[in-house]
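File shown: my_file_27.pdb (PDB, C-alpha atoms, pLDDT in the B column).
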```pdb
ATOM      1  CA  MET F 191       6.987  22.995 -64.133  1.00 51.00           C
ATOM      2  CA  THR F 192       4.630  22.090 -66.953  1.00 49.00           C
ATOM      3  CA  ASP F 193       3.772  24.340 -69.849  1.00 51.00           C
ATOM      4  CA  PRO F 194       0.151  23.861 -71.054  1.00 53.00           C
ATOM      5  CA  ALA F 195       1.158  25.263 -74.457  1.00 57.00           C
ATOM      6  CA  ASN F 196       3.645  22.413 -74.876  1.00 52.00           C
ATOM      7  CA  PRO F 197       1.838  19.257 -76.142  1.00 50.00           C
ATOM      8  CA  ALA F 198       4.360  17.047 -74.361  1.00 50.00           C
ATOM      9  CA  ASP F 199       3.323  18.604 -71.047  1.00 49.00           C
ATOM     10  CA  ALA F 200      -0.421  18.575 -71.752  1.00 48.00           C
ATOM     11  CA  ALA F 201      -1.033  14.824 -71.604  1.00 45.00           C
ATOM     12  CA  ASP F 202      -0.538  12.903 -68.388  1.00 42.00           C
ATOM     13  CA  PRO F 203      -0.041   9.201 -69.178  1.00 40.00           C
ATOM     14  CA  ALA F 204      -0.920   8.344 -65.564  1.00 39.00           C
ATOM     15  CA  ASP F 205      -4.291  10.110 -65.811  1.00 38.00           C
ATOM     16  CA  PRO F 206      -6.899   7.600 -64.534  1.00 37.00           C
ATOM     17  CA  ALA F 207      -9.564   9.234 -66.717  1.00 38.00           C
ATOM     18  CA  GLU F 208      -8.100   7.381 -69.699  1.00 39.00           C
ATOM     19  CA  PRO F 209      -8.359   3.584 -69.351  1.00 40.00           C
ATOM     20  CA  ALA F 210      -5.225   1.795 -70.428  1.00 44.00           C
ATOM     21  CA  SER F 211      -4.576  -1.591 -71.927  1.00 45.00           C
ATOM     22  CA  PRO F 212      -1.819  -3.824 -70.539  1.00 48.00           C
ATOM     23  CA  ASP F 213       0.666  -2.212 -72.930  1.00 48.00           C
ATOM     24  CA  GLY F 214      -0.235   1.260 -71.627  1.00 43.00           C
ATOM     25  CA  SER F 215      -2.298   2.440 -74.598  1.00 45.00           C
ATOM     26  CA  THR F 216      -5.863   3.651 -74.224  1.00 46.00           C
ATOM     27  CA  SER F 217      -8.635   1.387 -75.397  1.00 80.00           C
ATOM     28  CA  PRO F 218     -11.290   3.265 -77.401  1.00 89.00           C
ATOM     29  CA  GLU F 219     -10.956   0.738 -80.243  1.00 89.00           C
ATOM     30  CA  LEU F 220     -11.601  -2.166 -77.868  1.00 90.00           C
ATOM     31  CA  ASP F 221     -14.418  -0.334 -76.081  1.00 90.00           C
ATOM     32  CA  ALA F 222     -16.226   0.334 -79.370  1.00 91.00           C
ATOM     33  CA  LEU F 223     -15.838  -3.316 -80.414  1.00 92.00           C
ATOM     34  CA  LEU F 224     -17.187  -4.579 -77.081  1.00 92.00           C
ATOM     35  CA  ASP F 225     -20.088  -2.118 -77.041  1.00 92.00           C
ATOM     36  CA  ASP F 226     -21.161  -3.339 -80.472  1.00 92.00           C
ATOM     37  CA  MET F 227     -20.554  -7.017 -79.791  1.00 93.00           C
ATOM     38  CA  TYR F 228     -22.347  -7.218 -76.454  1.00 94.00           C
ATOM     39  CA  SER F 229     -25.439  -5.253 -77.498  1.00 92.00           C
ATOM     40  CA  GLY F 230     -28.205  -7.667 -76.481  1.00 92.00           C
ATOM     41  CA  GLN F 231     -25.697 -10.437 -75.636  1.00 92.00           C
ATOM     42  CA  GLU F 232     -24.650 -11.553 -72.180  1.00 95.00           C
ATOM     43  CA  ARG F 233     -21.774 -13.850 -73.153  1.00 97.00           C
ATOM     44  CA  VAL F 234     -19.776 -14.240 -76.387  1.00 97.00           C
ATOM     45  CA  THR F 235     -17.283 -16.947 -77.359  1.00 97.00           C
ATOM     46  CA  GLN F 236     -13.610 -16.231 -77.966  1.00 97.00           C
ATOM     47  CA  SER F 237     -14.001 -17.294 -81.585  1.00 96.00           C
ATOM     48  CA  GLU F 238     -16.899 -14.846 -82.087  1.00 96.00           C
ATOM     49  CA  ILE F 239     -14.857 -12.055 -80.481  1.00 96.00           C
ATOM     50  CA  GLN F 240     -11.987 -12.845 -82.855  1.00 96.00           C
ATOM     51  CA  ARG F 241     -14.283 -13.045 -85.898  1.00 97.00           C
ATOM     52  CA  ARG F 242     -15.896  -9.697 -85.078  1.00 95.00           C
ATOM     53  CA  ALA F 243     -12.498  -8.099 -84.432  1.00 95.00           C
ATOM     54  CA  VAL F 244     -11.258  -9.218 -87.861  1.00 96.00           C
ATOM     55  CA  ALA F 245     -14.454  -7.913 -89.492  1.00 96.00           C
ATOM     56  CA  ALA F 246     -14.018  -4.583 -87.676  1.00 93.00           C
ATOM     57  CA  ASP F 247     -10.400  -4.357 -88.932  1.00 93.00           C
ATOM     58  CA  VAL F 248      -8.967  -3.709 -85.464  1.00 93.00           C
ATOM     59  CA  SER F 249      -5.268  -3.036 -84.967  1.00 93.00           C
ATOM     60  CA  ALA F 250      -2.820  -5.931 -85.200  1.00 94.00           C
ATOM     61  CA  GLU F 251      -1.852  -5.429 -81.561  1.00 93.00           C
ATOM     62  CA  LEU F 252      -5.465  -5.750 -80.368  1.00 93.00           C
ATOM     63  CA  LEU F 253      -6.138  -8.731 -82.634  1.00 94.00           C
ATOM     64  CA  THR F 254      -3.062 -10.473 -81.210  1.00 95.00           C
ATOM     65  CA  ARG F 255      -4.378  -9.998 -77.656  1.00 94.00           C
ATOM     66  CA  ILE F 256      -7.844 -11.271 -78.660  1.00 95.00           C
ATOM     67  CA  THR F 257      -6.348 -14.318 -80.398  1.00 95.00           C
ATOM     68  CA  ALA F 258      -4.404 -15.125 -77.217  1.00 95.00           C
ATOM     69  CA  LEU F 259      -7.608 -15.421 -75.149  1.00 95.00           C
ATOM     70  CA  PRO F 260      -8.338 -19.003 -74.101  1.00 95.00           C
ATOM     71  CA  GLN F 261     -11.309 -20.670 -75.797  1.00 96.00           C
ATOM     72  CA  GLY F 262     -14.573 -20.219 -73.922  1.00 96.00           C
ATOM     73  CA  GLU F 263     -17.386 -17.752 -73.331  1.00 97.00           C
ATOM     74  CA  TYR F 264     -16.829 -14.307 -71.882  1.00 97.00           C
ATOM     75  CA  ALA F 265     -19.012 -11.607 -70.396  1.00 96.00           C
ATOM     76  CA  ALA F 266     -18.187  -8.045 -71.472  1.00 93.00           C
ATOM     77  CA  ASP F 267     -16.543  -7.165 -68.155  1.00 93.00           C
ATOM     78  CA  GLU F 268     -14.332 -10.277 -68.303  1.00 94.00           C
ATOM     79  CA  VAL F 269     -13.056  -9.415 -71.782  1.00 93.00           C
ATOM     80  CA  ALA F 270     -12.536  -5.784 -70.784  1.00 91.00           C
ATOM     81  CA  ASP F 271     -10.492  -6.844 -67.754  1.00 92.00           C
ATOM     82  CA  LEU F 272      -8.399  -9.295 -69.786  1.00 91.00           C
ATOM     83  CA  LEU F 273      -7.779  -6.984 -72.736  1.00 90.00           C
ATOM     84  CA  GLY F 274      -7.586  -3.598 -71.023  1.00 84.00           C
ATOM     85  CA  GLY F 275     -10.909  -2.018 -72.017  1.00 75.00           C
ATOM     86  CA  THR F 276     -13.758  -0.690 -69.957  1.00 74.00           C
ATOM     87  CA  SER F 277     -17.100  -2.396 -69.650  1.00 66.00           C
ATOM     88  CA  GLY F 278     -20.417  -0.654 -69.707  1.00 59.00           C
TER
END
```

Structure translated into structure tokens:
Amino acid sequence: MTDPANPADAADPADPAEPASPDGSTSPELDALLDDMYSGQERVTQSEIQRRAVAADVSAELLTRITALPQGEYAADEVADLLGGTSG
């Protein structure tokens, strides 16, 4: 039985309302970066994604995942799928 007063019982890590990255963490940092980066852009290169991530001072874990993307151009939904964010 769960106790709503207990913070450990309040959060459900399997809750589909919270998108998760491949490591299981939610992705608001990535979503904010993508929303800003793809405003008025259809496709962005991996190097531009990395440059903007560095400028935005994203977490080391997220920057590592971005750096691991193969060179090329990506639409917002492709990057979101690969890095665990949501597009739109």

On this structure, which residues satisfy the PyMOL selection byres ((chain F and resi 234-239) around 8), written as a PyMOL selection string? chain F and resi 227-228+231-233+240-243+256-257+259-265

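Here the question is which of F:Val244, F:Glu251, F:Ser229, F:Asp221 gets nearest to Val269 of chain F using only C-alpha atoms, and that residue is F:Asp221.
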
Closest of F:Ala246, F:Leu273, F:Ser217, F:Asp225 to Ala258 of chain F, counting all atoms listed in the file, is F:Leu273

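The space separating atom CA of Thr276 of chain F from atom CA of Val248 of chain F comes to 16.5 Å.
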
Quick one: apply the PyMOL selection byres ((chain F and resi 272) around 9) to the file and drop the selected residues here as a PyMOL selection string. chain F and resi 211-212+255+259+267-271+273-275

Let me have the centre and edge lengths of the axis-aligned box enclosing all listed atoms of segment 269-273 of chain F with 4 Å padding on every side, in Å to one decimal, as JSON.
```
{"center_x": -10.4, "center_y": -7.6, "center_z": -70.2, "size_x": 13.3, "size_y": 11.6, "size_z": 13.0}
```

For segment 227-239 of chain F in the structure I just supplied, write out N, CA, C and O atoms - as a PDB file, in the first residue's frame.
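The result, stored in out_25.pdb:
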```pdb
ATOM      1  N   MET F 227      16.399  25.342 -30.088  1.00  0.00           N
ATOM      2  CA  MET F 227      17.244  25.105 -31.254  1.00  0.00           C
ATOM      3  C   MET F 227      16.443  24.966 -32.548  1.00  0.00           C
ATOM      4  O   MET F 227      16.879  25.418 -33.599  1.00  0.00           O
ATOM      5  N   TYR F 228      15.289  24.347 -32.479  1.00  0.00           N
ATOM      6  CA  TYR F 228      14.520  24.075 -33.685  1.00  0.00           C
ATOM      7  C   TYR F 228      13.459  25.139 -33.973  1.00  0.00           C
ATOM      8  O   TYR F 228      12.663  24.980 -34.880  1.00  0.00           O
ATOM      9  N   SER F 229      13.464  26.223 -33.243  1.00  0.00           N
ATOM     10  CA  SER F 229      12.540  27.326 -33.528  1.00  0.00           C
ATOM     11  C   SER F 229      12.893  27.917 -34.891  1.00  0.00           C
ATOM     12  O   SER F 229      13.944  28.530 -35.056  1.00  0.00           O
ATOM     13  N   GLY F 230      12.042  27.685 -35.882  1.00  0.00           N
ATOM     14  CA  GLY F 230      12.272  28.188 -37.229  1.00  0.00           C
ATOM     15  C   GLY F 230      13.236  27.344 -38.052  1.00  0.00           C
ATOM     16  O   GLY F 230      13.567  27.709 -39.172  1.00  0.00           O
ATOM     17  N   GLN F 231      13.714  26.231 -37.518  1.00  0.00           N
ATOM     18  CA  GLN F 231      14.646  25.351 -38.226  1.00  0.00           C
ATOM     19  C   GLN F 231      13.996  23.988 -38.411  1.00  0.00           C
ATOM     20  O   GLN F 231      13.329  23.482 -37.516  1.00  0.00           O
ATOM     21  N   GLU F 232      14.206  23.401 -39.580  1.00  0.00           N
ATOM     22  CA  GLU F 232      13.683  22.060 -39.817  1.00  0.00           C
ATOM     23  C   GLU F 232      14.703  20.986 -39.465  1.00  0.00           C
ATOM     24  O   GLU F 232      14.364  19.952 -38.902  1.00  0.00           O
ATOM     25  N   ARG F 233      15.962  21.235 -39.827  1.00  0.00           N
ATOM     26  CA  ARG F 233      17.037  20.279 -39.555  1.00  0.00           C
ATOM     27  C   ARG F 233      18.245  21.039 -39.013  1.00  0.00           C
ATOM     28  O   ARG F 233      18.502  22.172 -39.409  1.00  0.00           O
ATOM     29  N   VAL F 234      18.994  20.387 -38.109  1.00  0.00           N
ATOM     30  CA  VAL F 234      20.172  20.991 -37.488  1.00  0.00           C
ATOM     31  C   VAL F 234      21.274  19.933 -37.485  1.00  0.00           C
ATOM     32  O   VAL F 234      21.015  18.757 -37.256  1.00  0.00           O
ATOM     33  N   THR F 235      22.510  20.362 -37.719  1.00  0.00           N
ATOM     34  CA  THR F 235      23.625  19.412 -37.741  1.00  0.00           C
ATOM     35  C   THR F 235      24.002  18.981 -36.320  1.00  0.00           C
ATOM     36  O   THR F 235      23.740  19.688 -35.343  1.00  0.00           O
ATOM     37  N   GLN F 236      24.672  17.836 -36.245  1.00  0.00           N
ATOM     38  CA  GLN F 236      25.139  17.333 -34.955  1.00  0.00           C
ATOM     39  C   GLN F 236      26.085  18.330 -34.321  1.00  0.00           C
ATOM     40  O   GLN F 236      26.030  18.573 -33.118  1.00  0.00           O
ATOM     41  N   SER F 237      26.954  18.940 -35.120  1.00  0.00           N
ATOM     42  CA  SER F 237      27.908  19.892 -34.551  1.00  0.00           C
ATOM     43  C   SER F 237      27.206  21.131 -33.999  1.00  0.00           C
ATOM     44  O   SER F 237      27.616  21.680 -32.972  1.00  0.00           O
ATOM     45  N   GLU F 238      26.127  21.576 -34.656  1.00  0.00           N
ATOM     46  CA  GLU F 238      25.362  22.718 -34.140  1.00  0.00           C
ATOM     47  C   GLU F 238      24.630  22.338 -32.850  1.00  0.00           C
ATOM     48  O   GLU F 238      24.573  23.123 -31.903  1.00  0.00           O
ATOM     49  N   ILE F 239      24.099  21.127 -32.800  1.00  0.00           N
ATOM     50  CA  ILE F 239      23.439  20.651 -31.577  1.00  0.00           C
ATOM     51  C   ILE F 239      24.442  20.654 -30.429  1.00  0.00           C
ATOM     52  O   ILE F 239      24.149  21.139 -29.333  1.00  0.00           O
TER      53      ILE F 239
END
```
